[in-house]
Amino acid sequence: MGLLLGPAALPAAAADSIRADQWHLDAMHAPEMWKVSQGQGITVAVIDGGFKLDHPDLAGQFLPGKDFSGSPGGVGSYADDHGTQMVGLIAGTGKANGGKGAYGLAPGVKILPLKINNGSVGPLVSADFLDQIGQAVTYAVDQGAKVVSISQGIDSVTAIPPDVAKLNKILAAARTKGVLIFSAVGNEAQTGNPVDYPGALPNVVGVGAVDQNGTVTDESERGPQVALVAPGKDTIAPCPGPTGYCKGHGTSDATALASASAALVWAVHKDWTANQVLRVLINTAGRSNGGTGRTDGAGWGAVRPRIALTDPGDPGPADVSPLPADAASPSAPPSASASASAPASSVPSPAATPSEVAVGAPSAQPTAGASSGSGGGGALPVVAGVVAGLVVVAGAVFAVLRRRVSAGPSGDVVVPPVPAQQPMAPPPSYQPPVPPEDNPYAR
């Protein structure tokens, strides 16, 4: 396979640029990868709560999207930074500030923006949150997206079983059509470590977060639903705030970067199936301390598209998923945790406090029914019109859904069990990491 030349190589990080503070790009050897692939020809669908379509670092990156939120304003309206940050981590071009802006890991991709009501467009999270995700996934498949990035989630106790079962069927259909779906596993490892959907469903690649040392972050949830990890701490990305940039964290950010990694590989190996792209990402993932197995914290390791591009190995069979088929089998009965109902008197979780909202965010009452979730960011100041450095003004915690309502009777609907109760075996065609490193992102 020859090199994918694409557009001109992107510049190295200048000392006074936003790019200079995007540690994850250096750790993942992005400039080296961009000589081979920038994700050209791949469409990545991003499902979130709205997007700043005219951000200078994202101009020209969006395809016509669709709004499933039922709110006015379309995909270009938003009430928080989250969706724009996720797109920026994937597809930023660095064009802002005279070419000193923020880059995405796969700046050659096109983004299909799909808006849902995740609590960012009204006082409450939409009751049909999972249904909106399902509609968005179906639309993404119909529009030819190869990768779907879902930095969203709702826990297994709060989720209504029929909604989960319906979404599970949609995700399974998407995978049969060759689409690769990534979803955040959630940021509540220290507050109960709940299982979140869709990140824990079959046919979804659950993504956790690691820091600059390749260590799983304290907030990143653990369990068999974790397939891969990616950088998810102190990431810098475009956002709608007054400075145009935010520092973020969480499994949301990691999901965006894992999705971008798949796009980089698929752009070079267009004849590969979703199973083959994922298998190569798993086989080339970095395991800490030279490990060869899977862990509930890091899954099969940290995505390393640079290795997947330079030494992919055998991609394996096109029609066999590298994820265990019975990791969360839809044919199994619901587990007690997955089908448990909240008390009838339960109410939405406390809203975020003002200190959890990025400086410059739209003035509004905190979102009811929402709690800490898959990532967040704080606005960063730009001094004298030139980016002289990145200072976090305030950290923001993105609200991932927690509708405290009764799950209700499930009737004959079958819900996938909580995957924490399902053992996971090593994927087919496992290969040791190349090369073995204590820190999967060591230089």
# chains A, B, ... in the order shown; residues from 1 in each chain; ligands from 1
>>> select_by_dssp(residues="range 1-222 of chain A", states="alpha helix (DSSP H)", output="PDB file with C-alpha atoms, in the first residue's frame")
ATOM      1  CA  TRP A  23       0.284  17.292  24.142  1.00  0.00           C
ATOM      2  CA  HIS A  24      -1.789  14.405  22.887  1.00  0.00           C
ATOM      3  CA  LEU A  25      -0.833  15.125  19.269  1.00  0.00           C
ATOM      4  CA  ASP A  26       2.855  14.967  20.084  1.00  0.00           C
ATOM      5  CA  ALA A  27       2.380  11.861  22.218  1.00  0.00           C
ATOM      6  CA  ALA A  30       0.624  13.156  14.786  1.00  0.00           C
ATOM      7  CA  PRO A  31       3.079  15.048  12.506  1.00  0.00           C
ATOM      8  CA  GLU A  32       4.655  11.723  11.577  1.00  0.00           C
ATOM      9  CA  MET A  33       1.271  10.131  10.895  1.00  0.00           C
ATOM     10  CA  TRP A  34       0.053  13.079   8.831  1.00  0.00           C
ATOM     11  CA  HIS A  82     -18.955  19.940  24.192  1.00  0.00           C
ATOM     12  CA  GLY A  83     -19.952  19.152  20.618  1.00  0.00           C
ATOM     13  CA  THR A  84     -17.571  21.693  19.132  1.00  0.00           C
ATOM     14  CA  GLN A  85     -14.717  20.373  21.262  1.00  0.00           C
ATOM     15  CA  MET A  86     -15.320  16.809  20.106  1.00  0.00           C
ATOM     16  CA  VAL A  87     -15.284  17.857  16.455  1.00  0.00           C
ATOM     17  CA  GLY A  88     -12.162  19.918  17.053  1.00  0.00           C
ATOM     18  CA  LEU A  89     -10.306  16.967  18.573  1.00  0.00           C
ATOM     19  CA  ILE A  90     -11.144  14.946  15.487  1.00  0.00           C
ATOM     20  CA  ALA A  91     -10.924  17.411  12.617  1.00  0.00           C
ATOM     21  CA  ALA A  96      -7.371  30.162  13.274  1.00  0.00           C
ATOM     22  CA  ASN A  97      -5.107  32.881  14.676  1.00  0.00           C
ATOM     23  CA  GLY A  98      -3.069  33.124  11.500  1.00  0.00           C
ATOM     24  CA  GLY A  99      -2.445  29.407  11.341  1.00  0.00           C
ATOM     25  CA  PHE A 129     -32.459  10.517  24.474  1.00  0.00           C
ATOM     26  CA  LEU A 130     -31.510   6.988  23.424  1.00  0.00           C
ATOM     27  CA  ASP A 131     -34.080   7.086  20.639  1.00  0.00           C
ATOM     28  CA  GLN A 132     -32.492  10.256  19.287  1.00  0.00           C
ATOM     29  CA  ILE A 133     -29.097   8.562  19.332  1.00  0.00           C
ATOM     30  CA  GLY A 134     -30.618   5.660  17.418  1.00  0.00           C
ATOM     31  CA  GLN A 135     -32.117   7.976  14.813  1.00  0.00           C
ATOM     32  CA  ALA A 136     -28.795   9.751  14.446  1.00  0.00           C
ATOM     33  CA  VAL A 137     -26.888   6.473  14.002  1.00  0.00           C
ATOM     34  CA  THR A 138     -29.339   5.308  11.329  1.00  0.00           C
ATOM     35  CA  TYR A 139     -29.002   8.619   9.519  1.00  0.00           C
ATOM     36  CA  ALA A 140     -25.205   8.454   9.704  1.00  0.00           C
ATOM     37  CA  VAL A 141     -25.233   4.998   8.129  1.00  0.00           C
ATOM     38  CA  ASP A 142     -27.550   6.172   5.358  1.00  0.00           C
ATOM     39  CA  PRO A 161     -35.063  -1.138  29.120  1.00  0.00           C
ATOM     40  CA  PRO A 162     -37.153  -0.889  25.911  1.00  0.00           C
ATOM     41  CA  ASP A 163     -35.105   2.144  24.844  1.00  0.00           C
ATOM     42  CA  VAL A 164     -31.866   0.252  25.413  1.00  0.00           C
ATOM     43  CA  ALA A 165     -33.103  -2.785  23.506  1.00  0.00           C
ATOM     44  CA  LYS A 166     -34.248  -0.661  20.564  1.00  0.00           C
ATOM     45  CA  LEU A 167     -30.912   1.161  20.366  1.00  0.00           C
ATOM     46  CA  ASN A 168     -29.056  -2.126  20.603  1.00  0.00           C
ATOM     47  CA  LYS A 169     -30.812  -3.386  17.461  1.00  0.00           C
ATOM     48  CA  ILE A 170     -29.966  -0.182  15.605  1.00  0.00           C
ATOM     49  CA  LEU A 171     -26.303  -0.430  16.564  1.00  0.00           C
ATOM     50  CA  ALA A 172     -26.183  -4.063  15.486  1.00  0.00           C
ATOM     51  CA  ALA A 173     -27.681  -3.127  12.109  1.00  0.00           C
ATOM     52  CA  ALA A 174     -25.113  -0.358  11.694  1.00  0.00           C
ATOM     53  CA  ARG A 175     -22.253  -2.773  12.295  1.00  0.00           C
ATOM     54  CA  THR A 176     -23.642  -5.243   9.748  1.00  0.00           C
TER      55      THR A 176
END
>>> residues_around(residues="range 236-242 of chain A", least_positions_apart="2", cutoff="8 Å", atoms="only C-alpha atoms", output="mmCIF file with C-alpha atoms, in the first residue's frame")
data_model
loop_
_atom_site.group_PDB
_atom_site.id
_atom_site.type_symbol
_atom_site.label_atom_id
_atom_site.label_comp_id
_atom_site.auth_asym_id
_atom_site.auth_seq_id
_atom_site.Cartn_x
_atom_site.Cartn_y
_atom_site.Cartn_z
ATOM 1 C CA ILE A 18 -2.419 26.533 20.416
ATOM 2 C CA ASP A 21 -0.032 22.846 23.945
ATOM 3 C CA GLN A 22 -1.840 19.888 22.389
ATOM 4 C CA LYS A 52 -20.230 25.966 16.276
ATOM 5 C CA HIS A 55 -15.253 28.203 14.178
ATOM 6 C CA ASP A 57 -10.423 25.887 12.969
ATOM 7 C CA ASP A 80 -22.322 24.323 25.718
ATOM 8 C CA ASP A 81 -18.844 23.706 24.336
ATOM 9 C CA HIS A 82 -18.955 19.940 24.192
ATOM 10 C CA THR A 84 -17.571 21.693 19.132
ATOM 11 C CA GLN A 85 -14.717 20.373 21.262
ATOM 12 C CA MET A 86 -15.320 16.809 20.106
ATOM 13 C CA GLY A 88 -12.162 19.918 17.053
ATOM 14 C CA LEU A 89 -10.306 16.967 18.573
ATOM 15 C CA GLY A 92 -9.411 20.759 13.656
ATOM 16 C CA ALA A 102 -5.816 23.840 17.206
ATOM 17 C CA TYR A 103 -5.516 20.674 15.160
ATOM 18 C CA GLY A 104 -7.550 17.524 15.234
ATOM 19 C CA ASP A 234 -5.843 18.320 29.624
ATOM 20 C CA GLY A 244 -12.125 30.075 21.001
ATOM 21 C CA TYR A 245 -10.324 27.284 22.881
ATOM 22 C CA CYS A 246 -11.007 25.058 25.864
ATOM 23 C CA LYS A 247 -9.084 22.593 27.966
ATOM 24 C CA GLY A 248 -11.035 19.390 28.467
ATOM 25 C CA ALA A 358 -16.740 27.423 31.431
ATOM 26 C CA VAL A 359 -16.182 31.154 31.503
ATOM 27 C CA GLY A 360 -17.917 32.650 28.507
ATOM 28 C CA ALA A 361 -20.550 29.922 28.310
ATOM 29 C CA ALA A 379 -12.227 28.618 28.052
ATOM 30 C CA PRO A 381 -7.662 33.428 26.884
#
>>> closest_residue(among="A:Thr273, A:Ser288, A:Ser156, A:Gln143", to="Val210 in chain A", atoms="only C-alpha atoms")
A:Ser288
>>> residues_around(residues="Ala227 in chain A", least_positions_apart="2", cutoff="12 Å", atoms="only C-alpha atoms", output="MDAnalysis selection string")
chainID A and resid 181:185 199:209 221:225 229:230 254:255 258 278:279 281:283 285 293:303 322:324 327 419 424:427
>>> closest_residue(among="A:Thr191, A:Thr43, A:Ser17, A:Asn118", to="Tyr78 in chain A", atoms="only C-alpha atoms")
A:Asn118
>>> atom_distance(atom1="CA of Val179 in chain A", atom2="CA of Val148 in chain A")
7.3 Å
>>> select_by_dssp(residues="range 17-226 of chain A", states="strand (DSSP E or B)", output="count of residues only")
39
>>> atom_distance(atom1="CA of Asn275 in chain A", atom2="CA of Glu219 in chain A")
28.8 Å
>>> atom_distance(atom1="CA of Ala318 in chain A", atom2="CA of Trp272 in chain A")
7.1 Å
>>> closest_atom_pairs(of="range 144-221 of chain A", to="range 261-270 of chain A", cutoff="9 Å", atoms="only C-alpha atoms", output="JSON lines")
{"residue": "A:Lys146", "atom": "CA", "partner": "A:Ala263", "partner_atom": "CA", "distance": 7.9}
{"residue": "A:Val147", "atom": "CA", "partner": "A:Ala263", "partner_atom": "CA", "distance": 7.0}
{"residue": "A:Leu180", "atom": "CA", "partner": "A:Ala262", "partner_atom": "CA", "distance": 8.3}
>>> decode(residues="range 88-211 of chain A", atoms="C-alpha atoms", output="tab-separated table (two decimals), in the first residue's frame")
chain	number	residue	atom	x	y	z
A	88	GLY	CA	-12.16	19.92	17.05
A	89	LEU	CA	-10.31	16.97	18.57
A	90	ILE	CA	-11.14	14.95	15.49
A	91	ALA	CA	-10.92	17.41	12.62
A	92	GLY	CA	-9.41	20.76	13.66
A	93	THR	CA	-7.33	22.40	10.91
A	94	GLY	CA	-5.29	24.94	12.90
A	95	LYS	CA	-6.32	27.74	10.55
A	96	ALA	CA	-7.37	30.16	13.27
A	97	ASN	CA	-5.11	32.88	14.68
A	98	GLY	CA	-3.07	33.12	11.50
A	99	GLY	CA	-2.45	29.41	11.34
A	100	LYS	CA	-1.71	29.02	15.05
A	101	GLY	CA	-4.94	27.33	16.01
A	102	ALA	CA	-5.82	23.84	17.21
A	103	TYR	CA	-5.52	20.67	15.16
A	104	GLY	CA	-7.55	17.52	15.23
A	105	LEU	CA	-5.93	14.12	15.03
A	106	ALA	CA	-7.51	13.51	11.60
A	107	PRO	CA	-7.75	16.95	9.93
A	108	GLY	CA	-8.53	15.43	6.54
A	109	VAL	CA	-11.88	13.89	7.50
A	110	LYS	CA	-15.30	15.37	6.96
A	111	ILE	CA	-17.67	15.69	9.91
A	112	LEU	CA	-21.35	14.81	9.76
A	113	PRO	CA	-22.84	16.82	12.67
A	114	LEU	CA	-25.88	15.22	14.28
A	115	LYS	CA	-27.62	17.07	17.10
A	116	ILE	CA	-29.56	15.46	19.94
A	117	ASN	CA	-31.10	16.82	23.12
A	118	ASN	CA	-28.60	15.73	25.75
A	119	GLY	CA	-29.67	18.43	28.15
A	120	SER	CA	-27.96	21.25	26.26
A	121	VAL	CA	-31.07	22.56	24.48
A	122	GLY	CA	-33.63	22.74	27.25
A	123	PRO	CA	-34.26	22.55	30.99
A	124	LEU	CA	-34.33	18.76	30.95
A	125	VAL	CA	-32.71	15.92	29.08
A	126	SER	CA	-35.00	14.62	26.36
A	127	ALA	CA	-37.06	11.61	27.45
A	128	ASP	CA	-36.21	9.99	24.13
A	129	PHE	CA	-32.46	10.52	24.47
A	130	LEU	CA	-31.51	6.99	23.42
A	131	ASP	CA	-34.08	7.09	20.64
A	132	GLN	CA	-32.49	10.26	19.29
A	133	ILE	CA	-29.10	8.56	19.33
A	134	GLY	CA	-30.62	5.66	17.42
A	135	GLN	CA	-32.12	7.98	14.81
A	136	ALA	CA	-28.80	9.75	14.45
A	137	VAL	CA	-26.89	6.47	14.00
A	138	THR	CA	-29.34	5.31	11.33
A	139	TYR	CA	-29.00	8.62	9.52
A	140	ALA	CA	-25.21	8.45	9.70
A	141	VAL	CA	-25.23	5.00	8.13
A	142	ASP	CA	-27.55	6.17	5.36
A	143	GLN	CA	-25.26	9.14	4.67
A	144	GLY	CA	-22.20	6.95	4.22
A	145	ALA	CA	-20.36	7.69	7.47
A	146	LYS	CA	-17.69	5.08	8.18
A	147	VAL	CA	-17.14	6.09	11.82
A	148	VAL	CA	-19.68	7.25	14.41
A	149	SER	CA	-18.41	9.02	17.52
A	150	ILE	CA	-20.79	9.14	20.52
A	151	SER	CA	-19.40	11.00	23.53
A	152	GLN	CA	-22.67	10.51	25.39
A	153	GLY	CA	-24.14	8.04	27.86
A	154	ILE	CA	-26.86	7.16	30.34
A	155	ASP	CA	-26.44	4.67	33.15
A	156	SER	CA	-27.99	1.22	33.20
A	157	VAL	CA	-30.25	1.95	36.16
A	158	THR	CA	-31.66	5.16	34.74
A	159	ALA	CA	-32.08	3.89	31.18
A	160	ILE	CA	-35.49	2.48	30.29
A	161	PRO	CA	-35.06	-1.14	29.12
A	162	PRO	CA	-37.15	-0.89	25.91
A	163	ASP	CA	-35.10	2.14	24.84
A	164	VAL	CA	-31.87	0.25	25.41
A	165	ALA	CA	-33.10	-2.79	23.51
A	166	LYS	CA	-34.25	-0.66	20.56
A	167	LEU	CA	-30.91	1.16	20.37
A	168	ASN	CA	-29.06	-2.13	20.60
A	169	LYS	CA	-30.81	-3.39	17.46
A	170	ILE	CA	-29.97	-0.18	15.60
A	171	LEU	CA	-26.30	-0.43	16.56
A	172	ALA	CA	-26.18	-4.06	15.49
A	173	ALA	CA	-27.68	-3.13	12.11
A	174	ALA	CA	-25.11	-0.36	11.69
A	175	ARG	CA	-22.25	-2.77	12.29
A	176	THR	CA	-23.64	-5.24	9.75
A	177	LYS	CA	-23.47	-2.37	7.26
A	178	GLY	CA	-19.80	-1.84	7.98
A	179	VAL	CA	-19.90	1.17	10.30
A	180	LEU	CA	-17.55	1.43	13.27
A	181	ILE	CA	-19.11	3.00	16.38
A	182	PHE	CA	-17.16	4.42	19.33
A	183	SER	CA	-18.76	5.54	22.58
A	184	ALA	CA	-17.56	6.89	25.92
A	185	VAL	CA	-17.67	4.52	28.89
A	186	GLY	CA	-18.26	7.40	31.33
A	187	ASN	CA	-16.47	9.43	34.00
A	188	GLU	CA	-17.88	8.09	37.24
A	189	ALA	CA	-15.35	5.49	38.33
A	190	GLN	CA	-15.10	7.20	41.70
A	191	THR	CA	-18.84	7.58	42.21
A	192	GLY	CA	-20.19	4.09	41.78
A	193	ASN	CA	-18.63	3.16	38.44
A	194	PRO	CA	-22.04	2.67	36.76
A	195	VAL	CA	-22.36	1.00	33.39
A	196	ASP	CA	-23.36	3.50	30.70
A	197	TYR	CA	-25.24	2.99	27.45
A	198	PRO	CA	-24.52	3.03	24.57
A	199	GLY	CA	-20.87	2.55	25.55
A	200	ALA	CA	-21.51	-0.86	27.12
A	201	LEU	CA	-23.66	-2.29	24.32
A	202	PRO	CA	-22.51	-4.91	21.81
A	203	ASN	CA	-21.27	-3.58	18.48
A	204	VAL	CA	-19.90	-0.48	20.21
A	205	VAL	CA	-16.25	0.18	20.99
A	206	GLY	CA	-16.23	1.43	24.60
A	207	VAL	CA	-13.47	4.00	25.15
A	208	GLY	CA	-11.77	4.99	28.41
A	209	ALA	CA	-9.30	7.78	29.12
A	210	VAL	CA	-5.59	7.97	29.97
A	211	ASP	CA	-3.32	10.84	30.98
